[in-house]
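S.K.: Contents of structure_29.csv (CSV, C-alpha atoms and all ligand atoms) are given next:
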chain,number,residue,atom,x,y,z
A,1,MET,CA,25.5,-6.7,-218.5
A,2,TRP,CA,24.0,-8.0,-221.7
A,3,ARG,CA,23.9,-11.8,-222.3
A,4,ILE,CA,23.4,-13.3,-225.7
A,5,ILE,CA,22.3,-16.9,-226.0
A,6,LEU,CA,22.4,-18.7,-229.4
A,7,SER,CA,20.7,-22.0,-229.7
A,8,THR,CA,19.3,-24.3,-232.3
A,9,ALA,CA,15.5,-24.6,-231.8
A,10,GLY,CA,14.1,-27.9,-230.4
A,11,LYS,CA,12.4,-30.7,-232.3
A,12,GLY,CA,9.1,-29.6,-233.8
A,13,PRO,CA,7.2,-29.6,-237.1
A,14,GLN,CA,9.1,-26.6,-238.4
A,15,ASN,CA,12.5,-28.3,-237.7
A,16,ASP,CA,11.3,-31.7,-239.1
A,17,ALA,CA,10.4,-30.1,-242.4
A,18,LYS,CA,12.9,-30.6,-245.1
A,19,ARG,CA,14.3,-27.8,-247.3
A,20,ARG,CA,13.7,-27.9,-251.0
A,21,ASP,CA,17.3,-29.1,-251.5
A,22,GLY,CA,16.6,-32.0,-249.2
A,23,LEU,CA,18.9,-30.9,-246.4
A,24,PRO,CA,17.5,-30.6,-242.9
A,25,LYS,CA,16.1,-27.3,-241.8
A,26,ILE,CA,17.7,-25.7,-238.7
A,27,SER,CA,16.2,-22.8,-236.8
A,28,ILE,CA,18.5,-20.7,-234.7
A,29,CYS,CA,17.1,-18.9,-231.8
A,30,VAL,CA,18.8,-15.7,-230.5
A,31,ILE,CA,18.0,-14.5,-227.0
A,32,ILE,CA,19.4,-11.2,-225.8
A,33,GLU,CA,18.8,-10.4,-222.2
A,34,TYR,CA,19.9,-7.6,-219.8
A,35,ILE,CA,21.1,-8.8,-216.4
A,36,CYS,CA,21.0,-6.1,-213.7
A,37,PRO,CA,24.3,-6.0,-211.8
A,38,GLY,CA,24.0,-7.9,-208.5
A,39,GLU,CA,21.0,-9.9,-209.6
A,40,ASP,CA,22.0,-13.0,-211.5
A,41,GLU,CA,25.6,-12.1,-212.0
A,42,GLU,CA,28.4,-13.9,-210.2
A,43,PRO,CA,31.4,-11.6,-209.7
A,44,MET,CA,34.2,-12.6,-212.1
A,45,GLU,CA,36.9,-11.6,-209.6
A,46,MET,CA,37.4,-13.6,-206.5
A,47,ILE,CA,39.8,-11.0,-205.1
A,48,HIS,CA,39.5,-7.3,-206.2
A,49,ALA,CA,41.4,-4.5,-204.5
A,50,GLU,CA,41.5,-0.8,-205.3
A,51,LYS,CA,44.1,1.6,-203.9
A,52,LEU,CA,44.5,-0.7,-200.9
A,53,VAL,CA,46.4,0.8,-198.0
A,54,TYR,CA,47.2,-0.7,-194.6
A,55,GLU,CA,49.1,1.1,-191.8
A,56,TYR,CA,50.1,-0.6,-188.6
A,57,ASP,CA,50.5,1.4,-185.4
A,58,LYS,CA,54.1,2.0,-184.4
A,59,ARG,CA,54.4,1.7,-180.7
A,60,ASP,CA,57.1,2.5,-178.1
A,61,GLU,CA,58.2,0.1,-175.4
A,62,GLU,CA,55.3,1.2,-173.1
A,63,GLY,CA,52.8,0.5,-175.9
A,64,ASN,CA,52.0,4.1,-176.8
A,65,VAL,CA,51.3,4.8,-180.4
A,66,ILE,CA,54.2,6.9,-181.8
A,67,GLY,CA,53.4,6.7,-185.5
A,68,ARG,CA,52.2,4.6,-188.4
A,69,ASN,CA,54.0,2.1,-190.5
A,70,ARG,CA,52.5,1.8,-194.0
A,71,ALA,CA,52.8,-1.9,-195.0
A,72,ILE,CA,50.5,-1.8,-198.1
A,73,ASP,CA,50.7,1.3,-200.2
A,74,GLY,CA,48.1,1.7,-202.9
A,75,VAL,CA,47.7,-1.9,-204.2
A,76,ASP,CA,45.3,-2.7,-207.1
A,77,ILE,CA,44.8,-6.4,-207.6
A,78,ASP,CA,42.5,-8.6,-209.5
A,79,ILE,CA,42.3,-12.4,-209.1
A,80,PRO,CA,39.7,-14.1,-211.3
A,81,GLN,CA,37.6,-17.0,-209.9
A,82,GLY,CA,39.2,-20.4,-210.2
A,83,SER,CA,42.6,-19.0,-211.1
A,84,PHE,CA,46.0,-19.5,-209.5
A,85,ALA,CA,47.9,-16.3,-208.4
A,86,ALA,CA,51.3,-16.2,-206.8
A,87,VAL,CA,52.7,-13.4,-204.7
A,88,LEU,CA,56.5,-13.1,-204.4
A,89,GLY,CA,58.5,-10.5,-202.5
A,90,HIS,CA,61.4,-10.0,-200.1
A,91,ASN,CA,61.0,-10.1,-196.3
A,92,GLY,CA,58.8,-7.3,-195.1
A,93,SER,CA,57.5,-6.4,-198.5
A,94,GLY,CA,53.9,-6.7,-197.4
A,95,LYS,CA,52.8,-10.1,-198.6
A,96,SER,CA,51.3,-11.4,-195.3
A,97,THR,CA,49.6,-8.1,-194.7
A,98,LEU,CA,48.0,-8.4,-198.2
A,99,ALA,CA,47.0,-12.0,-197.6
A,100,LYS,CA,45.4,-11.1,-194.3
A,101,HIS,CA,43.1,-8.7,-196.1
A,102,MET,CA,41.8,-11.6,-198.3
A,103,ASN,CA,39.9,-13.1,-195.4
A,104,ALA,CA,39.4,-9.9,-193.4
A,105,ILE,CA,41.9,-10.7,-190.6
A,106,LEU,CA,42.9,-7.2,-191.4
A,107,VAL,CA,40.6,-4.5,-193.0
A,108,PRO,CA,42.0,-1.7,-195.1
A,109,THR,CA,43.0,1.6,-193.5
A,110,GLY,CA,42.6,3.1,-197.0
A,111,GLY,CA,41.1,1.9,-200.3
A,112,THR,CA,38.9,-1.1,-200.7
A,113,MET,CA,39.1,-4.9,-200.8
A,114,TRP,CA,36.3,-7.1,-202.2
A,115,VAL,CA,36.3,-10.9,-201.8
A,116,ASP,CA,33.8,-12.6,-204.1
A,117,GLY,CA,32.1,-9.3,-204.5
A,118,ARG,CA,31.8,-8.6,-200.8
A,119,GLU,CA,33.5,-5.6,-199.3
A,120,THR,CA,35.7,-6.8,-196.4
A,121,LYS,CA,35.2,-3.5,-194.4
A,122,ASP,CA,31.4,-4.2,-194.1
A,123,PRO,CA,30.9,-5.9,-190.6
A,124,GLU,CA,27.8,-7.7,-192.0
A,125,GLU,CA,29.9,-9.4,-194.6
A,126,LEU,CA,32.7,-10.6,-192.2
A,127,TRP,CA,31.3,-14.1,-191.7
A,128,ASN,CA,30.7,-14.6,-195.5
A,129,VAL,CA,34.2,-13.3,-196.3
A,130,ARG,CA,35.8,-15.7,-193.8
A,131,GLN,CA,33.8,-18.6,-195.2
A,132,THR,CA,34.7,-17.7,-198.8
A,133,ALA,CA,38.5,-17.4,-198.2
A,134,GLY,CA,40.3,-20.0,-196.1
A,135,MET,CA,43.9,-19.3,-194.9
A,136,VAL,CA,46.8,-21.7,-194.5
A,137,PHE,CA,49.8,-20.4,-192.6
A,138,GLN,CA,53.5,-21.2,-192.5
A,139,ASN,CA,53.7,-23.3,-189.3
A,140,PRO,CA,51.4,-26.4,-189.4
A,141,ASP,CA,51.9,-27.0,-185.7
A,142,ASN,CA,50.0,-23.7,-185.0
A,143,GLN,CA,47.1,-24.8,-187.1
A,144,ILE,CA,46.4,-28.3,-185.9
A,145,ILE,CA,44.4,-28.6,-182.7
A,146,GLY,CA,42.9,-32.1,-182.8
A,147,THR,CA,44.6,-35.1,-181.3
A,148,VAL,CA,43.4,-37.3,-184.2
A,149,VAL,CA,43.7,-36.3,-187.9
A,150,GLU,CA,40.0,-36.8,-188.8
A,151,GLU,CA,38.9,-34.9,-185.7
A,152,ASP,CA,41.1,-32.0,-186.5
A,153,VAL,CA,39.8,-31.8,-190.1
A,154,GLY,CA,36.2,-32.0,-188.8
A,155,PHE,CA,36.6,-29.0,-186.4
A,156,GLY,CA,36.0,-26.3,-189.1
A,157,PRO,CA,32.8,-27.7,-190.5
A,158,GLU,CA,31.6,-28.5,-187.0
A,159,ASN,CA,32.0,-24.8,-186.0
A,160,LEU,CA,30.1,-23.8,-189.1
A,161,GLY,CA,27.1,-25.9,-187.8
A,162,VAL,CA,27.3,-28.5,-190.6
A,163,PRO,CA,25.3,-31.7,-189.8
A,164,THR,CA,27.3,-34.7,-188.5
A,165,ASP,CA,26.8,-36.9,-191.6
A,166,GLU,CA,27.9,-34.1,-193.8
A,167,ILE,CA,30.9,-33.4,-191.6
A,168,TRP,CA,32.2,-37.0,-192.0
A,169,LYS,CA,31.6,-36.9,-195.7
A,170,ARG,CA,33.6,-33.6,-196.0
A,171,VAL,CA,36.4,-35.0,-193.7
A,172,GLU,CA,36.8,-38.1,-195.9
A,173,ASP,CA,36.6,-36.1,-199.1
A,174,SER,CA,39.1,-33.4,-198.1
A,175,LEU,CA,41.6,-35.9,-196.6
A,176,ARG,CA,41.4,-37.9,-199.9
A,177,SER,CA,42.0,-34.8,-201.9
A,178,VAL,CA,45.2,-34.0,-200.1
A,179,GLY,CA,46.3,-37.7,-200.2
A,180,MET,CA,46.0,-38.2,-196.4
A,181,ILE,CA,43.0,-40.5,-196.1
A,182,GLU,CA,45.1,-43.5,-194.8
A,183,TYR,CA,46.2,-41.3,-191.9
A,184,ARG,CA,42.7,-40.4,-190.7
A,185,LYS,CA,43.1,-42.2,-187.4
A,186,ALA,CA,46.7,-41.1,-186.9
A,187,SER,CA,47.9,-38.6,-184.3
A,188,PRO,CA,49.1,-35.4,-186.0
A,189,ASN,CA,52.2,-35.4,-183.7
A,190,LYS,CA,53.5,-38.5,-185.5
A,191,LEU,CA,53.3,-36.9,-189.0
A,192,SER,CA,56.0,-35.2,-191.0
A,193,GLY,CA,55.9,-31.5,-191.7
A,194,GLY,CA,54.5,-32.0,-195.2
A,195,GLN,CA,51.9,-34.4,-194.0
A,196,LYS,CA,50.8,-32.0,-191.2
A,197,GLN,CA,50.5,-29.1,-193.6
A,198,ARG,CA,48.4,-31.3,-195.9
A,199,VAL,CA,46.1,-32.0,-192.9
A,200,ALA,CA,45.9,-28.3,-192.2
A,201,ILE,CA,44.9,-27.7,-195.9
A,202,ALA,CA,42.3,-30.5,-195.6
A,203,GLY,CA,40.9,-28.7,-192.5
A,204,VAL,CA,40.5,-25.5,-194.6
A,205,ILE,CA,39.0,-27.4,-197.6
A,206,ALA,CA,36.5,-29.2,-195.4
A,207,MET,CA,34.9,-25.8,-194.8
A,208,GLU,CA,34.4,-25.6,-198.6
A,209,PRO,CA,35.9,-22.2,-199.3
A,210,LYS,CA,35.8,-20.8,-202.8
A,211,CYS,CA,39.3,-19.5,-202.3
A,212,ILE,CA,42.3,-20.6,-200.4
A,213,VAL,CA,45.1,-18.3,-199.4
A,214,LEU,CA,48.4,-20.0,-198.5
A,215,ASP,CA,51.0,-17.8,-196.8
A,216,GLU,CA,54.3,-19.5,-197.3
A,217,PRO,CA,52.9,-23.0,-196.6
A,218,THR,CA,56.1,-24.7,-197.5
A,219,ALA,CA,58.6,-22.4,-195.7
A,220,MET,CA,59.2,-24.9,-192.9
A,221,LEU,CA,59.3,-28.0,-195.0
A,222,ASP,CA,62.0,-30.1,-196.6
A,223,PRO,CA,62.0,-30.5,-200.4
A,224,ASN,CA,59.8,-33.6,-200.2
A,225,GLY,CA,57.3,-32.0,-198.0
A,226,ARG,CA,57.2,-28.9,-200.3
A,227,LYS,CA,56.5,-31.1,-203.3
A,228,GLU,CA,53.7,-32.9,-201.4
A,229,VAL,CA,52.0,-29.7,-200.4
A,230,ILE,CA,52.3,-28.0,-203.8
A,231,CYS,CA,50.9,-31.2,-205.5
A,232,ALA,CA,48.0,-31.2,-203.1
A,233,VAL,CA,47.2,-27.6,-203.8
A,234,GLU,CA,47.5,-28.1,-207.6
A,235,LYS,CA,45.0,-31.0,-207.3
A,236,LEU,CA,42.5,-28.9,-205.4
A,237,ARG,CA,42.7,-26.2,-208.0
A,238,ILE,CA,42.1,-28.6,-210.8
A,239,GLU,CA,39.5,-30.9,-209.2
A,240,LYS,CA,37.6,-28.5,-206.9
A,241,LYS,CA,38.1,-25.3,-209.0
A,242,VAL,CA,39.2,-23.5,-205.8
A,243,THR,CA,40.9,-20.1,-206.4
A,244,VAL,CA,44.4,-20.3,-205.1
A,245,ILE,CA,46.6,-17.5,-203.8
A,246,LEU,CA,50.1,-18.8,-203.0
A,247,ILE,CA,52.6,-16.6,-201.2
A,248,THR,CA,56.1,-18.1,-201.4
A,249,HIS,CA,59.8,-17.5,-201.5
A,250,TYR,CA,60.3,-20.6,-203.7
A,251,MET,CA,60.4,-19.5,-207.4
A,252,GLU,CA,59.9,-23.1,-208.6
A,253,GLU,CA,56.4,-23.2,-206.9
A,254,VAL,CA,55.0,-20.4,-209.0
A,255,ILE,CA,55.8,-21.6,-212.6
A,256,ASP,CA,52.2,-22.9,-213.1
A,257,ALA,CA,50.5,-19.7,-211.8
A,258,ASP,CA,48.2,-17.8,-214.1
A,259,GLN,CA,49.6,-14.6,-212.8
A,260,VAL,CA,52.5,-13.5,-210.5
A,261,PHE,CA,52.6,-10.4,-208.4
A,262,VAL,CA,56.0,-9.2,-207.0
A,263,MET,CA,55.8,-6.9,-204.0
A,264,ASP,CA,58.3,-4.5,-202.6
A,265,GLY,CA,57.9,-1.8,-200.0
A,266,GLY,CA,54.1,-2.4,-199.9
A,267,HIS,CA,53.7,-1.9,-203.7
A,268,ILE,CA,53.0,-4.3,-206.5
A,269,VAL,CA,56.2,-3.7,-208.5
A,270,MET,CA,55.9,-6.4,-211.1
A,271,HIS,CA,52.9,-8.3,-212.5
A,272,GLY,CA,52.5,-10.8,-215.3
A,273,THR,CA,52.6,-14.5,-216.2
A,274,PRO,CA,55.5,-16.5,-214.8
A,275,ARG,CA,57.2,-16.4,-218.2
A,276,GLU,CA,56.9,-12.6,-218.4
A,277,ILE,CA,58.2,-12.1,-214.9
A,278,PHE,CA,61.1,-14.5,-215.0
A,279,ARG,CA,62.3,-13.0,-218.3
A,280,ARG,CA,63.1,-9.8,-216.3
A,281,VAL,CA,66.0,-11.3,-214.4
A,282,GLU,CA,67.8,-8.0,-213.7
A,283,GLU,CA,64.7,-6.3,-212.4
A,284,LEU,CA,63.9,-9.3,-210.1
A,285,LYS,CA,67.4,-9.1,-208.7
A,286,SER,CA,66.9,-5.4,-208.0
A,287,TYR,CA,64.0,-6.4,-205.7
A,288,ARG,CA,66.3,-9.0,-204.1
A,289,MET,CA,64.5,-11.9,-205.7
A,290,ASP,CA,65.9,-15.0,-207.4
A,291,VAL,CA,64.8,-16.7,-210.5
A,292,PRO,CA,64.4,-20.5,-210.9
A,293,GLN,CA,67.7,-22.2,-211.3
A,294,VAL,CA,66.9,-23.4,-214.8
A,295,THR,CA,65.8,-19.9,-215.9
A,296,MET,CA,69.1,-18.5,-214.5
A,297,LEU,CA,71.2,-21.1,-216.4
A,298,ALA,CA,69.2,-20.4,-219.7
A,299,GLU,CA,69.8,-16.7,-219.1
A,300,GLU,CA,73.6,-17.2,-218.7
A,301,LEU,CA,73.7,-19.3,-221.8
A,302,ARG,CA,71.8,-16.5,-223.7
A,303,LYS,CA,74.3,-13.9,-222.5
A,304,ARG,CA,77.1,-16.1,-223.9
A,305,GLY,CA,75.5,-15.9,-227.3
A,306,LEU,CA,73.4,-19.1,-227.5
A,307,ASP,CA,70.2,-18.7,-229.3
A,308,ILE,CA,67.8,-19.7,-226.5
A,309,PRO,CA,64.4,-18.0,-225.8
A,310,GLY,CA,64.0,-15.8,-222.7
A,311,GLY,CA,61.8,-16.8,-219.7
A,312,ILE,CA,62.5,-20.6,-219.8
A,313,LEU,CA,60.8,-22.1,-216.7
A,314,ARG,CA,61.3,-25.9,-216.9
A,315,ARG,CA,64.2,-28.2,-217.4
A,316,GLU,CA,62.6,-29.9,-220.3
A,317,GLU,CA,62.2,-26.5,-222.1
A,318,LEU,CA,65.9,-25.8,-221.8
A,319,VAL,CA,66.8,-29.3,-223.0
A,320,GLU,CA,64.5,-28.8,-226.0
A,321,ALA,CA,66.0,-25.4,-226.8
A,322,LEU,CA,69.6,-26.8,-226.5
A,323,CYS,CA,68.7,-29.7,-228.8
A,324,ARG,CA,67.3,-27.3,-231.4
A,325,LEU,CA,70.7,-25.6,-231.6
A,326,ARG,CA,72.5,-28.6,-233.1
B,1,LIG,N1,51.8,-6.6,-186.3
B,1,LIG,C1,52.6,-5.7,-186.9
B,1,LIG,N2,52.8,-4.5,-186.3
B,1,LIG,C2,53.6,-3.5,-186.8
B,1,LIG,N3,54.2,-3.7,-188.0
B,1,LIG,C3,54.0,-4.9,-188.7
B,1,LIG,C4,53.2,-5.9,-188.1
B,1,LIG,N4,53.3,-7.0,-189.0
B,1,LIG,C5,54.0,-6.6,-190.0
B,1,LIG,N5,54.5,-5.3,-189.8
B,1,LIG,C6,55.3,-4.6,-190.8
B,1,LIG,O1,54.7,-4.4,-192.0
B,1,LIG,C7,55.6,-4.6,-193.1
B,1,LIG,C8,55.1,-5.8,-194.0
B,1,LIG,O2,55.1,-7.0,-193.2
B,1,LIG,P1,54.6,-8.4,-193.8
B,1,LIG,O3,54.6,-9.3,-192.6
B,1,LIG,O4,53.3,-8.1,-194.5
B,1,LIG,O5,55.7,-8.7,-194.8
B,1,LIG,P2,56.0,-10.1,-195.6
B,1,LIG,O6,56.3,-9.7,-197.0
B,1,LIG,O7,55.0,-11.1,-195.3
B,1,LIG,O8,57.4,-10.5,-194.9
B,1,LIG,P3,58.0,-12.0,-194.7
B,1,LIG,O9,58.5,-12.5,-196.1
B,1,LIG,O10,59.1,-11.8,-193.7
B,1,LIG,O11,56.9,-12.9,-194.2
B,1,LIG,C9,57.0,-4.8,-192.5
B,1,LIG,O12,57.6,-3.6,-192.4
B,1,LIG,C10,56.6,-5.3,-191.1
B,1,LIG,O13,57.7,-5.0,-190.2
B,2,MG,MG,54.9,-13.0,-194.4
Go ahead and render the structure in this file as structure tokens.

M.R.:
Amino acid sequence: MWRIILSTAGKGPQNDAKRRDGLPKISICVIIEYICPGEDEEPMEMIHAEKLVYEYDKRDEEGNVIGRNRAIDGVDIDIPQGSFAAVLGHNGSGKSTLAKHMNAILVPTGGTMWVDGRETKDPEELWNVRQTAGMVFQNPDNQIIGTVVEEDVGFGPENLGVPTDEIWKRVEDSLRSVGMIEYRKASPNKLSGGQKQRVAIAGVIAMEPKCIVLDEPTAMLDPNGRKEVICAVEKLRIEKKVTVILITHYMEEVIDADQVFVMDGGHIVMHGTPREIFRRVEELKSYRMDVPQVTMLAEELRKRGLDIPGGILRREELVEALCRLR
């Protein structure tokens, strides 16, 4: 890769000299350098998959393998560092199988997956891949093991061999970032579903991953709990610049994503920004997907002849579009 650096030269006799017209003289310095791939270069993509395939063994009642079930079928995916990607899809479309490739819980049976430039199939990279990408699952009860919140959040860094002082710092910092610091001494059993899930997220964040993969983290929560978790994830993304991959069935949760992938039958069948995706209402329906309620309402009004733009995502946008009609 070539890198071009333009800079004004520092203070010196040459720069102090005045031009004949009295204006200050400015020297511009141009540096062109070639960076060998893999040397200084950070991979731009946090997640990169090419022709990814994953087949589960199909077994009979006695456990004998009787065939293969292709859950991921030729998926290409690119998720840049620091971005927010959402994955949507009907039950059984392959979302969780794809997510499990992002921290090498599963490794491809075909094609390749790289996480932060590391190939997940390489056994020597396993530890690094797992440290790079943290996973949060659907059921917070299965992810919390400590009897006190702060203890639970500290388990991850402790397992990584982080020094004690640093563990406490990370526990405090990550509980603060998910808005749970005042519950640090609480028992996780006493928390609501949304609070437990935020503790689970803090536990992952305390390991300082560059990327966090959330597989339907709000599926078991009430609307308030869902809001709490999504706000906490949004904050992490903005403040800690963590790459976020959110798998969800709730369309409202993806409207701030940089890109949305829709899966069906192990394939990526739609890909684009939320606005591009939700504009394609009929296609989404063909994959048994909904669109956000406000988008649906706007679409119905459009069909009835109102001059409203396609792909409306937020209530305020619809109100604005309707006000413009008068
Ligand atoms: N452990 C497994 N063994 C065999 N087949 C599996 C296994 N896990 C998933 N599958 C199959 O792989 C396909 C994809 O499943 P996956 O769990 O990835 O879908 P999903 O999109 O996450 O679904 P959901 O929305 O229900 O969570 C399905 O056909 C499923 O039955
Ligand atoms: Mg799933």

S.K.: Mind pulling up the distance from CA of Ala85 (chain A) to CA of Glu172 (chain A)?

M.R.: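 Separation of CA of Glu172 (chain A) and CA of Ala85 (chain A): 27.5 Å.
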
S.K.: Out of A:Gly117, A:Leu175, A:Lys196, A:Val204, which residue has the shortest atom-to-atom distance to Pro157 (chain A) when counting only C-alpha atoms?

M.R.: A:Val204

S.K.: Select the residues contacting ligand MG 2 (chain B) at a distance of at most 12 Å, based on all atoms listed in the file, then format the selection as a PyMOL selection string.

M.R.: chain A and resi 71+87-100+136-139+214-217+219+246-249+263+266

S.K.: Keeping only C-alpha atoms, take the residues you just selected and write them out as a tab-separated table (two decimals), keeping the file's coordinate frame.

M.R.:
chain	number	residue	atom	x	y	z
A	71	ALA	CA	52.80	-1.90	-195.00
A	87	VAL	CA	52.70	-13.40	-204.70
A	88	LEU	CA	56.50	-13.10	-204.40
A	89	GLY	CA	58.50	-10.50	-202.50
A	90	HIS	CA	61.40	-10.00	-200.10
A	91	ASN	CA	61.00	-10.10	-196.30
A	92	GLY	CA	58.80	-7.30	-195.10
A	93	SER	CA	57.50	-6.40	-198.50
A	94	GLY	CA	53.90	-6.70	-197.40
A	95	LYS	CA	52.80	-10.10	-198.60
A	96	SER	CA	51.30	-11.40	-195.30
A	97	THR	CA	49.60	-8.10	-194.70
A	98	LEU	CA	48.00	-8.40	-198.20
A	99	ALA	CA	47.00	-12.00	-197.60
A	100	LYS	CA	45.40	-11.10	-194.30
A	136	VAL	CA	46.80	-21.70	-194.50
A	137	PHE	CA	49.80	-20.40	-192.60
A	138	GLN	CA	53.50	-21.20	-192.50
A	139	ASN	CA	53.70	-23.30	-189.30
A	214	LEU	CA	48.40	-20.00	-198.50
A	215	ASP	CA	51.00	-17.80	-196.80
A	216	GLU	CA	54.30	-19.50	-197.30
A	217	PRO	CA	52.90	-23.00	-196.60
A	219	ALA	CA	58.60	-22.40	-195.70
A	246	LEU	CA	50.10	-18.80	-203.00
A	247	ILE	CA	52.60	-16.60	-201.20
A	248	THR	CA	56.10	-18.10	-201.40
A	249	HIS	CA	59.80	-17.50	-201.50
A	263	MET	CA	55.80	-6.90	-204.00
A	266	GLY	CA	54.10	-2.40	-199.90

S.K.: Quote the spacing between CA of Gly179 (chain A) and CA of Asn159 (chain A) in Å to one decimal place.

M.R.: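 Between these atoms lies a distance of 23.9 Å.
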
S.K.: Using only C-alpha atoms, find the one residue out of A:Val281, A:Val153, A:Met102, A:Phe84 that sits nearest to Lys235 (chain A).

M.R.: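 Closest candidate: A:Phe84.
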
S.K.: I'd like to know which of A:Thr120, A:Gln293, A:Thr243, A:Asn189 is closest to Glu45 (chain A), using all atoms listed in the file.

M.R.: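 The answer is A:Thr243, which sits nearest to Glu45 (chain A).
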
S.K.: Can you tell me, as a ChimeraX atom specification, what residues are no more than 7 Å from region 181-187 of chain A when counting all atoms listed in the file, ignoring any on the same chain fewer than 3 positions away?

M.R.: /A:147-150,172,175-176,190

S.K.: Work out how far CA of Ile47 (chain A) is from CA of Glu208 (chain A), in Å to one decimal.

M.R.: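 Spanning CA of Glu208 (chain A) to CA of Ile47 (chain A) is a straight-line distance of 16.9 Å.
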
S.K.: Quick one: everything within 8 Å of Ile144 (chain A), counting all atoms listed in the file, minus sequence neighbours fewer than 5 positions away in the same chain. Send it as a PDB file with C-alpha atoms, in the frame of the given file.

M.R.:
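Result file is selection31.pdb:
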ATOM      1  CA  ASP A 152      41.100 -32.000-186.500  1.00  0.00           C
ATOM      2  CA  PRO A 188      49.100 -35.400-186.000  1.00  0.00           C
ATOM      3  CA  LYS A 196      50.800 -32.000-191.200  1.00  0.00           C
ATOM      4  CA  VAL A 199      46.100 -32.000-192.900  1.00  0.00           C
ATOM      5  CA  ALA A 200      45.900 -28.300-192.200  1.00  0.00           C
TER       6      ALA A 200
END

S.K.: For ligand LIG 1 (chain B), which residue among A:Arg288, A:Lys210, A:Arg237, A:Arg198 is the nearest when counting only C-alpha atoms and all ligand atoms?

M.R.: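 Of A:Arg288, A:Lys210, A:Arg237, A:Arg198, the one nearest ligand LIG 1 (chain B), counting only C-alpha atoms and all ligand atoms, is A:Arg288.
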
S.K.: Go through A:Arg68, A:Lys241, A:Arg275, A:Lys285 one by one, measure the shortest atom-to-atom distance of each to ligand LIG 1 (chain B) using all atoms listed in the file, and give the residue with the smallest value.

M.R.: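 Going through A:Arg68, A:Lys241, A:Arg275, A:Lys285 one by one, the smallest distance to ligand LIG 1 (chain B) is for A:Arg68.
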
S.K.: Please identify all polymer residues within 10 Å of Met44 (chain A), counting only C-alpha atoms, omitting same-chain residues fewer than 3 positions from it, and present them as a PyMOL selection string.

M.R.: chain A and resi 41+47-48+78-82+116-117

S.K.: Please determine, counting all atoms listed in the file, which residue among A:Thr218, A:Gln195, A:Ser83, A:Asn69 has the shortest atom-to-atom distance to ligand LIG 1 (chain B).

M.R.: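 For ligand LIG 1 (chain B), the nearest of the candidates is A:Asn69.
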
S.K.: List the neighbours of Ala133 (chain A) out to 6 Å using only C-alpha atoms; skip same-chain residues closer than 6 positions along the sequence, and give me the result as a list in words.

M.R.: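 Counting only the stated atoms, we get Asn103, Pro209, Cys211 and Ile212 of chain A.
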